[in-house]
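What follows is a single structure, written as structure tokens, with notes after it.
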Amino acid sequence: MQIGIDVDGLLLDQNIKVNITNIDDNDYICISDFGKYKEGKSKADDIIRNWLRNRITLKFLGTWESIYNPNFNSVEFDGFRKSAGLHTFTLSVTEWCDKTNAIGIYSKRGKYGGTYAHKDIAFEFASAISPVFKLYLIKEFERLKEIESQNREWNVSMITGIIKNKVYTGDLIQQKRKRISFKNHKLIKTKEDELIITKNNHMDIISKEQFARVQDIIKHSVKVNSNNEYDIFSGYLKCAECDSNLTIRKSKEYTYYACSSHVRKRGCNNKHTIRKDFLEEKVITEINNRQDTKIDKLNRKYIFDLINMIYLNQDGSIKIEFKRK
């Protein structure tokens, strides 16, 4: 059997491509494509269901989730584990995810739909196809990642990703994304205060003080639009509901701000907006209440020196978080 390489994934013989996606720097491989390779498209789901109900499979999945998933429901897992192997026992990927809050395997709809599994689990599933298939798959996957690494060029997104990564301060960050609910498997970004952080887990490369200074600069950096204009509140506006940035919008009469996640329909329910002129008046009033020198007009220096962040609340009100003196 020969396995070729495609730039977007692994390309098996018989022109069957194995799709790969990436979530939080972890590769997830479409194991439905493995099933197509063995039995054809119509049998792929049956192969996965039969594999999932196996006692050895469930033991492996439970062990993997226990190591990498702090929110794994071990009580529900024990129920599945005890029933595994019985003739009447059936288990779908959706039921597994709903009941145990698993993150190692999930179902995806659409053009590139199918069952995707973390590469550790995908390689284990490949053993159900055949040991030879698993060995070839691992070999080709490693070669694909090597080609990807060689072709990768430094760009702004990569650099920003590095300087915003807390792992370099010695902390371990887990549960960066979570499912919206047990019915909706869509992954959303976890709020900062809900992240699972293990402090001083390993040796740091940059001190936490230096990292904090860099984050403050990034957070409040000015973004220029296509007309070479910048907004005075750029980098200072967030949604109190989902912690997403507010985006600037314009109507015929007003300029206003709204939650970017709500505008893009990414799961946030904060539908409120705030007019720019009202926000400016509110900020000026709050600043004047805190200092002897009164101002009647805002400038970027006042905001940078005094304000840490401005939040748009669920009820449409504004909360201004001032810097500590």
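Just remember, in the structure tokens the first chain shown is A, the second B, etc., residues are 1-based per chain, and ligands are 1-based in the order shown.
The list of residues with at least one atom within 8 Å of range 72-81 of chain A, based on only C-alpha atoms and without residues fewer than 2 positions apart in the same chain, reads Arg55, Leu58, Lys59, Gly62, Glu65, Ser66, Asn69, Pro70, Ser83, Ala84, Lys99, Thr100, Asn101 and Ala102 of chain A.
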Just the selected residues (C-alpha atoms), exported as a compact mmCIF listing (two decimals), in the first residue's frame, please.
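Final output, again.txt:
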# COMPACT_ATOMS: atom_id res chain seq x y z
CA ARG A 55 -14.16 -2.31 26.00
CA LEU A 58 -13.34 2.90 26.00
CA LYS A 59 -10.54 2.18 28.44
CA GLY A 62 -11.13 7.24 29.34
CA GLU A 65 -9.49 12.16 28.71
CA SER A 66 -8.46 11.74 32.36
CA ASN A 69 -9.36 16.91 30.06
CA PRO A 70 -9.96 18.37 33.57
CA SER A 83 -21.67 -1.81 29.77
CA ALA A 84 -18.98 -2.14 27.10
CA LYS A 99 -22.42 12.51 28.62
CA THR A 100 -18.69 12.67 29.43
CA ASN A 101 -17.79 16.15 28.11
CA ALA A 102 -15.03 14.50 26.07
What's the 12 Å shell around range 282-298 of chain A, counting only C-alpha atoms, without same-chain residues fewer than 4 positions away, as a ChimeraX atom specification?
/A:231-233,236-237,274-278,302-307,309-311,317-325
Using only C-alpha atoms, which residues sit within 8 Å of Phe34 in chain A once same-chain residues fewer than 4 positions away are excluded, as a PDB file with N, CA and C atoms, in the first residue's frame?
ATOM      1  N   VAL A  18      -7.410  12.057   3.734  1.00  0.00           N
ATOM      2  CA  VAL A  18      -7.716  12.126   5.160  1.00  0.00           C
ATOM      3  C   VAL A  18      -7.556  13.572   5.601  1.00  0.00           C
ATOM      4  N   CYS A  30      -9.516  13.236  10.667  1.00  0.00           N
ATOM      5  CA  CYS A  30     -10.840  12.707  10.346  1.00  0.00           C
ATOM      6  C   CYS A  30     -10.775  11.187  10.219  1.00  0.00           C
ATOM      7  N   LYS A  38     -11.277   1.680   4.177  1.00  0.00           N
ATOM      8  CA  LYS A  38     -11.397   0.232   4.382  1.00  0.00           C
ATOM      9  C   LYS A  38     -12.654  -0.353   3.746  1.00  0.00           C
ATOM     10  N   ALA A  44     -18.363   3.667   6.799  1.00  0.00           N
ATOM     11  CA  ALA A  44     -17.438   4.371   7.695  1.00  0.00           C
ATOM     12  C   ALA A  44     -18.025   4.574   9.087  1.00  0.00           C
ATOM     13  N   ALA A 126      -6.620   3.741  14.007  1.00  0.00           N
ATOM     14  CA  ALA A 126      -6.009   3.161  12.805  1.00  0.00           C
ATOM     15  C   ALA A 126      -5.655   1.695  13.014  1.00  0.00           C
ATOM     16  N   ILE A 129      -8.190  -0.591  11.744  1.00  0.00           N
ATOM     17  CA  ILE A 129      -8.126  -0.839  10.301  1.00  0.00           C
ATOM     18  C   ILE A 129      -7.132  -1.960  10.040  1.00  0.00           C
TER      19      ILE A 129
END
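Residues of range 39-130 of chain A assigned to strand (DSSP E or B) by DSSP on this structure's backbone: A:Ile105, A:Tyr106, A:Ser107, A:Lys108, A:Gly114, A:Thr115, A:Tyr116, A:Ala117, A:His118.
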Save the residues we just selected, C-alpha atoms, as a short mmCIF file (atom, residue, chain, number, x, y, z; two decimals), in the first residue's frame?
data_model
loop_
_atom_site.label_atom_id
_atom_site.label_comp_id
_atom_site.auth_asym_id
_atom_site.auth_seq_id
_atom_site.Cartn_x
_atom_site.Cartn_y
_atom_site.Cartn_z
CA ILE A 105 -13.15 13.06 19.60
CA TYR A 106 -16.07 14.96 18.04
CA SER A 107 -18.45 14.98 15.07
CA LYS A 108 -18.43 17.76 12.51
CA GLY A 114 -17.12 13.48 9.74
CA THR A 115 -15.73 12.17 13.01
CA TYR A 116 -12.48 13.86 14.03
CA ALA A 117 -10.14 12.57 16.74
CA HIS A 118 -7.01 13.90 18.38
#
Using only C-alpha atoms, find the one residue out of A:Asn22, A:Ser244, A:Thr63, A:Thr169 that sits nearest to Glu209 in chain A.
A:Thr169
